[in-house]
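Enquirer: Got a structure for you, my_file16.cif, holding mmCIF, C-alpha atoms.
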```cif
data_input
loop_
_atom_site.label_atom_id
_atom_site.label_comp_id
_atom_site.auth_asym_id
_atom_site.auth_seq_id
_atom_site.Cartn_x
_atom_site.Cartn_y
_atom_site.Cartn_z
CA MET C 1 0.00 0.00 0.00
CA ASN C 2 1.24 3.52 -0.77
CA LYS C 3 2.05 4.99 2.62
CA SER C 4 1.52 8.50 1.29
CA LEU C 5 -2.17 7.68 1.64
CA VAL C 6 -1.71 6.97 5.33
CA ILE C 7 0.37 9.95 6.44
CA ILE C 8 -0.15 12.87 4.12
CA THR C 9 0.74 16.49 4.76
CA SER C 10 -0.03 19.48 2.61
CA PHE C 11 3.64 20.19 2.17
CA SER C 12 5.24 16.79 1.66
CA LEU C 13 4.77 13.16 0.74
CA PHE C 14 8.05 12.07 2.30
CA ALA C 15 6.39 9.49 4.56
CA ALA C 16 5.94 7.29 1.52
CA LEU C 17 9.69 7.19 0.95
CA PHE C 18 10.62 5.45 4.17
CA GLY C 19 10.85 1.67 4.51
CA LEU C 20 11.55 -0.47 7.53
CA PHE C 21 13.98 1.28 9.84
CA GLY C 22 14.85 -1.43 12.32
CA CYS C 23 15.28 0.99 15.23
CA ASP C 24 13.19 0.22 18.27
CA VAL C 25 11.98 3.34 20.04
CA GLY C 26 9.18 1.59 21.92
CA LEU C 27 5.98 3.47 22.61
CA ASN C 28 7.44 6.82 23.64
CA SER C 29 5.99 9.35 21.21
CA ALA C 30 8.75 11.90 21.84
CA ALA C 31 11.38 9.30 21.01
CA ILE C 32 9.47 8.28 17.90
CA CYS C 33 9.36 11.89 16.71
CA LYS C 34 13.06 12.34 17.35
CA LYS C 35 13.99 9.26 15.32
CA ASN C 36 11.22 9.67 12.72
CA PRO C 37 10.45 13.40 12.39
CA GLU C 38 8.41 12.81 9.24
CA LEU C 39 5.76 11.10 11.38
CA CYS C 40 5.19 14.20 13.47
CA ALA C 41 5.94 17.18 11.22
CA ASP C 42 2.27 17.89 10.48
CA LEU C 43 1.18 17.79 14.14
CA HIS C 44 0.89 20.74 16.50
CA GLN C 45 3.71 21.59 18.89
CA ASP C 46 2.18 22.65 22.21
CA SER C 47 0.71 20.60 25.06
CA TRP C 48 -2.89 20.39 23.89
CA CYS C 49 -4.35 17.00 22.96
CA LEU C 50 -1.32 15.10 24.26
CA VAL C 51 -3.11 11.77 24.58
CA GLU C 52 -4.64 11.94 21.11
CA LYS C 53 -1.39 13.14 19.60
CA GLY C 54 0.65 10.39 21.28
CA ASP C 55 -1.80 7.68 20.21
CA LEU C 56 -1.68 8.91 16.63
CA ILE C 57 2.11 8.98 16.56
CA ARG C 58 2.38 5.44 17.90
CA SER C 59 -0.19 4.23 15.39
CA ARG C 60 1.76 5.85 12.57
CA TYR C 61 4.93 4.24 13.78
CA GLN C 62 3.26 0.83 13.77
CA LEU C 63 2.11 1.35 10.20
CA LYS C 64 5.59 2.37 9.16
CA GLN C 65 7.00 -0.98 10.23
CA ILE C 66 4.71 -2.97 7.95
CA GLU C 67 4.90 -3.10 4.19
CA THR C 68 1.22 -4.03 3.78
CA PRO C 69 -0.78 -2.89 6.84
CA SER C 70 -3.69 -5.02 7.98
CA GLY C 71 -7.24 -3.71 7.97
CA LYS C 72 -7.12 -3.61 11.75
CA LEU C 73 -4.10 -1.31 11.77
CA LEU C 74 -5.69 0.97 9.20
CA TYR C 75 -8.91 1.00 11.22
CA GLU C 76 -6.97 1.99 14.33
CA GLN C 77 -5.21 4.72 12.36
CA LEU C 78 -8.60 6.06 11.21
CA ILE C 79 -9.97 6.10 14.75
CA LYS C 80 -6.88 7.77 16.22
CA LEU C 81 -6.72 10.32 13.42
CA GLU C 82 -10.40 11.14 13.94
CA SER C 83 -9.83 11.56 17.66
CA TYR C 84 -6.82 13.82 17.10
CA SER C 85 -8.63 15.90 14.50
CA LYS C 86 -11.66 16.46 16.76
CA CYS C 87 -9.45 17.43 19.70
CA ILE C 88 -7.22 19.81 17.76
CA GLU C 89 -10.30 21.40 16.17
CA LEU C 90 -11.46 22.41 19.64
CA ALA C 91 -7.96 23.52 20.60
CA ALA C 92 -7.73 25.64 17.45
CA GLY C 93 -10.71 27.60 18.71
CA VAL C 94 -8.69 28.83 21.70
CA LYS C 95 -7.21 32.12 20.51
CA HIS C 96 -3.92 33.40 21.92
CA VAL C 97 -3.72 37.18 21.95
CA ILE C 98 0.00 37.32 22.66
CA ASN C 99 1.35 34.01 21.35
CA THR C 100 -0.64 34.03 18.12
CA HIS C 101 1.71 31.46 16.60
CA ARG C 102 0.19 28.82 18.88
CA THR C 103 -3.25 29.43 17.44
CA GLU C 104 -1.85 29.36 13.91
CA ASP C 105 0.02 26.13 14.62
CA ARG C 106 -3.13 24.40 15.84
CA GLU C 107 -5.17 25.71 12.92
CA ARG C 108 -2.52 24.37 10.55
CA ALA C 109 -2.51 21.00 12.32
CA TYR C 110 -6.30 20.79 12.19
CA ALA C 111 -6.44 21.63 8.48
CA ILE C 112 -3.83 18.99 7.67
CA SER C 113 -5.53 16.39 9.88
CA THR C 114 -8.77 16.79 7.95
CA GLN C 115 -6.85 16.29 4.70
CA ASN C 116 -5.15 13.22 6.11
CA LEU C 117 -8.44 11.78 7.27
CA ALA C 118 -10.15 12.37 3.93
CA GLN C 119 -7.23 10.75 2.09
CA LEU C 120 -7.17 7.71 4.35
CA ARG C 121 -10.93 7.25 4.10
CA GLU C 122 -10.72 7.43 0.32
CA SER C 123 -7.84 4.98 0.15
CA THR C 124 -9.75 2.38 2.19
CA GLN C 125 -13.27 2.88 0.81
CA ASP C 126 -13.13 -0.25 -1.35
CA ASN C 127 -11.15 -2.41 1.06
CA PRO C 128 -13.33 -5.42 2.00
CA ASP C 129 -11.52 -6.03 5.30
CA LEU C 130 -13.92 -6.58 8.21
CA TYR C 131 -12.52 -3.72 10.31
CA LEU C 132 -12.78 -1.25 7.46
CA ALA C 133 -16.28 -2.44 6.57
CA TYR C 134 -17.24 -1.90 10.20
CA TYR C 135 -15.75 1.60 10.05
CA ARG C 136 -17.73 2.52 6.94
CA TRP C 137 -20.91 1.14 8.51
CA THR C 138 -20.57 3.00 11.79
CA THR C 139 -19.16 6.20 10.29
CA PHE C 140 -21.14 6.59 7.09
CA ASN C 141 -24.06 4.19 7.71
CA ASP C 142 -23.03 2.35 4.56
CA GLY C 143 -25.55 -0.43 3.90
CA ASP C 144 -23.26 -2.74 1.94
CA SER C 145 -20.62 -2.53 4.65
CA ARG C 146 -23.24 -3.23 7.32
CA ASP C 147 -24.42 -6.31 5.46
CA ALA C 148 -20.83 -7.53 5.16
CA VAL C 149 -20.26 -7.18 8.91
CA ILE C 150 -23.56 -8.87 9.75
CA ALA C 151 -22.74 -11.75 7.40
CA ALA C 152 -19.33 -12.12 9.07
CA GLU C 153 -20.95 -12.20 12.51
CA GLN C 154 -23.45 -14.84 11.43
CA SER C 155 -20.55 -16.93 10.12
CA GLY C 156 -18.78 -16.66 13.47
CA GLU C 157 -15.98 -14.49 12.10
CA VAL C 158 -16.45 -11.51 14.42
CA ASN C 159 -14.56 -11.63 17.72
CA GLU C 160 -14.05 -7.99 18.64
CA VAL C 161 -16.23 -6.98 21.58
CA PHE C 162 -16.86 -3.47 20.25
CA MET C 163 -18.14 -4.91 16.97
CA LEU C 164 -20.35 -7.49 18.69
CA SER C 165 -21.74 -4.79 20.95
CA HIS C 166 -22.69 -2.63 17.99
CA ILE C 167 -24.20 -5.60 16.17
CA ALA C 168 -26.27 -6.49 19.26
CA SER C 169 -27.57 -2.92 19.31
CA TYR C 170 -28.42 -3.16 15.61
CA TYR C 171 -30.24 -6.47 16.13
CA LEU C 172 -32.25 -4.79 18.87
CA LYS C 173 -34.16 -3.00 16.10
CA ILE C 174 -34.79 -6.00 13.85
CA ASN C 175 -34.38 -9.27 15.77
CA THR C 176 -34.63 -9.20 19.55
CA SER C 177 -33.84 -12.89 19.99
CA GLN C 178 -30.49 -12.49 18.20
CA SER C 179 -29.85 -9.29 20.13
CA LYS C 180 -30.52 -11.05 23.44
CA ALA C 181 -28.26 -13.96 22.54
CA LEU C 182 -25.42 -11.58 21.68
CA TYR C 183 -25.85 -9.47 24.81
CA LEU C 184 -25.90 -12.57 27.02
CA SER C 185 -22.81 -13.91 25.26
CA LEU C 186 -21.03 -10.61 25.83
CA LEU C 187 -21.91 -10.69 29.53
CA ALA C 188 -20.76 -14.29 29.79
CA ASN C 189 -17.34 -13.38 28.42
CA SER C 190 -16.75 -10.14 30.29
CA ASN C 191 -15.65 -8.90 33.68
CA ALA C 192 -15.80 -5.58 35.53
CA GLU C 193 -13.12 -4.06 33.29
CA THR C 194 -14.53 -5.13 29.95
CA LEU C 195 -18.27 -4.97 30.60
CA ASP C 196 -20.27 -2.15 29.03
CA PRO C 197 -23.24 -1.23 31.26
CA ASP C 198 -25.21 -0.32 28.14
CA TRP C 199 -25.50 -4.05 27.42
CA LEU C 200 -27.67 -4.28 30.51
CA LEU C 201 -29.93 -1.52 29.21
CA GLY C 202 -30.16 -3.40 25.92
CA LEU C 203 -31.37 -6.48 27.77
CA ALA C 204 -33.78 -4.41 29.85
CA SER C 205 -35.23 -3.02 26.62
CA ILE C 206 -35.68 -6.53 25.24
CA TYR C 207 -37.46 -7.71 28.38
CA ARG C 208 -39.73 -4.68 28.22
CA ARG C 209 -40.78 -5.74 24.73
CA GLU C 210 -41.30 -9.27 26.03
CA GLN C 211 -43.40 -7.82 28.88
CA ASN C 212 -41.09 -9.46 31.42
CA SER C 213 -41.22 -6.69 33.99
CA GLN C 214 -39.12 -8.48 36.63
CA ASN C 215 -36.16 -8.96 34.29
CA GLU C 216 -36.58 -5.42 32.99
CA TYR C 217 -36.38 -4.16 36.57
CA LEU C 218 -33.45 -6.46 37.38
CA PHE C 219 -31.23 -5.45 34.47
CA THR C 220 -32.13 -1.78 34.81
CA LYS C 221 -31.13 -1.94 38.46
CA VAL C 222 -27.85 -3.70 37.65
CA ASN C 223 -27.10 -1.03 35.07
CA LEU C 224 -27.65 1.69 37.67
CA LEU C 225 -25.34 -0.07 40.12
CA MET C 226 -22.59 -0.44 37.50
CA SER C 227 -22.81 2.97 35.84
CA ASP C 228 -23.23 6.64 36.58
CA TYR C 229 -26.82 6.67 35.39
CA VAL C 230 -29.56 7.84 37.75
CA ALA C 231 -33.19 6.74 37.61
CA SER C 232 -36.32 7.47 39.59
CA GLU C 233 -37.06 4.81 42.19
CA GLN C 234 -40.75 5.50 41.64
CA ARG C 235 -40.45 4.67 37.95
CA LEU C 236 -38.53 1.52 38.76
CA LEU C 237 -41.20 0.43 41.21
CA ALA C 238 -43.88 1.17 38.64
CA LEU C 239 -42.33 -1.49 36.38
CA ILE C 240 -43.37 -4.16 38.87
CA GLY C 241 -46.67 -2.68 39.95
CA ASN C 242 -45.20 -0.88 43.00
CA ASN C 243 -44.60 -4.23 44.68
CA LYS C 244 -42.04 -3.23 47.32
CA THR C 245 -41.57 -6.77 48.58
CA LEU C 246 -40.66 -7.94 45.10
CA ALA C 247 -38.47 -4.87 44.64
CA ALA C 248 -36.50 -5.73 47.79
CA GLN C 249 -35.83 -9.24 46.46
CA LEU C 250 -34.90 -7.99 43.01
CA ASP C 251 -32.55 -5.43 44.56
CA LEU C 252 -30.75 -8.27 46.35
CA ASP C 253 -30.62 -10.23 43.11
CA ALA C 254 -29.25 -7.18 41.31
CA GLN C 255 -26.42 -6.79 43.81
CA MET C 256 -25.60 -10.48 43.54
CA LEU C 257 -25.56 -10.21 39.76
CA VAL C 258 -23.25 -7.19 39.96
CA ASN C 259 -20.83 -9.24 42.04
CA GLN C 260 -20.92 -12.13 39.57
CA LEU C 261 -20.45 -9.85 36.57
CA SER C 262 -17.54 -8.13 38.28
CA LEU C 263 -15.87 -11.50 38.85
CA GLY C 264 -16.57 -12.69 35.32
CA GLN C 265 -18.88 -15.43 36.61
CA PHE C 266 -22.08 -14.63 34.76
CA ASP C 267 -21.67 -17.67 32.53
CA ILE C 268 -22.03 -20.00 35.53
CA SER C 269 -24.52 -17.92 37.50
CA GLN C 270 -28.06 -18.92 38.33
CA PHE C 271 -29.31 -15.85 36.49
CA LYS C 272 -27.97 -16.98 33.12
CA THR C 273 -29.47 -20.41 33.68
CA GLN C 274 -32.85 -18.89 34.49
CA ILE C 275 -32.74 -16.54 31.50
CA ASP C 276 -31.64 -19.25 29.07
#
```
Could you show the structure in this file as structure tokens?
Expert:
Amino acid sequence: MNKSLVIITSFSLFAALFGLFGCDVGLNSAAICKKNPELCADLHQDSWCLVEKGDLIRSRYQLKQIETPSGKLLYEQLIKLESYSKCIELAAGVKHVINTHRTEDRERAYAISTQNLAQLRESTQDNPDLYLAYYRWTTFNDGDSRDAVIAAEQSGEVNEVFMLSHIASYYLKINTSQSKALYLSLLANSNAETLDPDWLLGLASIYRREQNSQNEYLFTKVNLLMSDYVASEQRLLALIGNNKTLAAQLDLDAQMLVNQLSLGQFDISQFKTQID
């Protein structure tokens, strides 16, 4: 692949001229820039957006080491470039009255980042790789790319949690049984660090459609215990006909389920057996 499509600046295409360097500078972005200045020349210089900038530099360095980057690496570059571009756009809006060069530097970096992003999107628009199809689906709502990702999931080819989570959310609109199966599978293979509380809301929504008010209450309560969301206790009680005795039992069940999810034990819990 022509690397000029991966790291493009308005003033140079020199990134395409570099092959494998063989020097190991690890994951320190400052060291990478020192050894490979062409990877950082188009980025801003001050301390804004340090995380996004560092992630982008390390992603670029990874790409530089590989003659033909995988779809996953290109997907990661797209995501990191998007994140950097959004951050530096906000930073460019901060005007310096005295040090006007800082504002100009950020504006320059933002303009180049949008060019880079457009070029990279164009260069990958026909790439059938699963990661890039997923990107086109979630970024541009591309129907063909969506169908390709769904087909891959149905063939058991999708393993990334973030993809499965998005697919489960998509199924929620068209096939609740498939959505439920995916959400339960995600819970069964997660722990406190990897679990997304929104999965619990997805399940609560499914049980609402199934008119299973107890499970709707249970998974809504677990979501509240594992997230920063706040809900009215009165509305929760209304789900189960204001039955406070039942609510007390379900609250105990919810806390037990939180403990099992945190320990990664949902797959062997009584709750999964009951739901299955």
Enquirer: Work out how far apart atom CA of Gln270 of chain C and atom CA of Ile174 of chain C are and give it in Å to one decimal.
Expert: 28.5 Å
Enquirer: Residues within 12 Å of (-2.9, -3.5, 7.8), file coordinates, counting all atoms listed in the file: what are they? Give the list as a list in words.
Expert: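 Output of the proximity query reads Met1, Asn2, Lys3, Val6, Ser59, Arg60, Gln62, Leu63, Lys64, Gln65, Ile66, Glu67, Thr68, Pro69, Ser70, Gly71, Lys72, Leu73, Leu74, Tyr75, Glu76, Gln77, Leu78, Thr124, Asn127, Asp129, Leu130, Tyr131 and Leu132 of chain C.
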Enquirer: What would the selection look like, as a count of residues only, if the PyMOL selection byres ((chain C and resi 177-189) around 6) were run on the coordinates I just shared?
Expert: 8
Enquirer: Step by step, work through what the PyMOL selection byres ((chain C and resi 39-50) around 7) selects in the shown file, and finish by giving those residues as a list in words.
Expert: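 What the PyMOL selection byres ((chain C and resi 39-50) around 7) grabs from the file is Thr9, Cys33, Asn36, Pro37, Glu38, Val51, Glu52, Lys53, Gly54, Ile57, Arg60, Cys87, Ile88, Ala91, Asp105, Arg106, Ala109 and Ile112 of chain C.
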Enquirer: Measuring atom to atom with all atoms listed in the file, identify which of C:Ile275, C:Pro197, C:Phe140, C:Ser29 is nearest to Leu261 of chain C.
Expert: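 Closest residue, counting all atoms listed in the file: C:Pro197.
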Enquirer: Smallest atom-to-atom distance to Gly202 of chain C: which of C:Ala151, C:Ser169, C:Lys95, C:Leu225, using all atoms listed in the file?
Expert: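 Looking only at the distances to Gly202 of chain C, the closest residue turns out to be C:Ser169.
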Enquirer: How far is it from atom CA of Leu195 of chain C to atom CA of Gln265 of chain C, in Å with one decimal?
Expert: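 Going from atom CA of Leu195 of chain C over to atom CA of Gln265 of chain C, I get 12.1 Å.
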Enquirer: Quick one: distance from atom CA of Asp198 of chain C to atom CA of Arg136 of chain C in Å, one decimal?
Expert: 22.7 Å
Enquirer: The PyMOL selection byres ((chain C and resi 253) around 12) on the file shown: which residues, as a list of chain:residue names?
Expert: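 When the PyMOL selection byres ((chain C and resi 253) around 12) is applied, the selected residues are C:Gln214, C:Asn215, C:Tyr217, C:Leu218, C:Phe219, C:Thr220, C:Lys221, C:Val222, C:Leu225, C:Leu246, C:Ala247, C:Ala248, C:Gln249, C:Leu250, C:Asp251, C:Leu252, C:Ala254, C:Gln255, C:Met256, C:Leu257, C:Val258, C:Asn259, C:Gln260, C:Ser269, C:Gln270, C:Phe271.
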Enquirer: Please provide as a VMD selection string all residues within 12 Å of Thr139 of chain C, with the sequence filter that same-chain residues fewer than 2 positions apart are discarded (counting all atoms listed in the file).
Expert: chain C and resid 75 78 to 79 82 121 125 131 to 137 141 to 143 145 to 146
Enquirer: Quick one: of C:Leu81, C:Ala92, C:Leu237, C:Leu120, who's nearest to Glu107 of chain C, counting only C-alpha atoms?
Expert: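 Answer, going by the shortest atom-to-atom distance: C:Ala92.
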Enquirer: Could you give me, as an MDAnalysis selection string, the residues within 8 Å of Ser113 of chain C, counting all atoms listed in the file and dropping anything in the same chain fewer than 2 positions from it?
Expert: chainID C and resid 42 81 84:85 109:111 115:117
Enquirer: Please produce a file of the residues just selected, as a CSV table (one decimal), in the coordinates of the input, where the atoms kept are C-alpha atoms.
Expert:
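Output file part.csv is given in full below:
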```csv
chain,number,residue,atom,x,y,z
C,42,ASP,CA,2.3,17.9,10.5
C,81,LEU,CA,-6.7,10.3,13.4
C,84,TYR,CA,-6.8,13.8,17.1
C,85,SER,CA,-8.6,15.9,14.5
C,109,ALA,CA,-2.5,21.0,12.3
C,110,TYR,CA,-6.3,20.8,12.2
C,111,ALA,CA,-6.4,21.6,8.5
C,115,GLN,CA,-6.8,16.3,4.7
C,116,ASN,CA,-5.2,13.2,6.1
C,117,LEU,CA,-8.4,11.8,7.3
```
Enquirer: In terms of the shortest atom-to-atom distance over only C-alpha atoms, which of C:Glu216, C:Thr194, C:Ser262, C:Arg235 is closest to Glu160 of chain C?
Expert: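 For Glu160 of chain C, the nearest of the candidates is C:Thr194.
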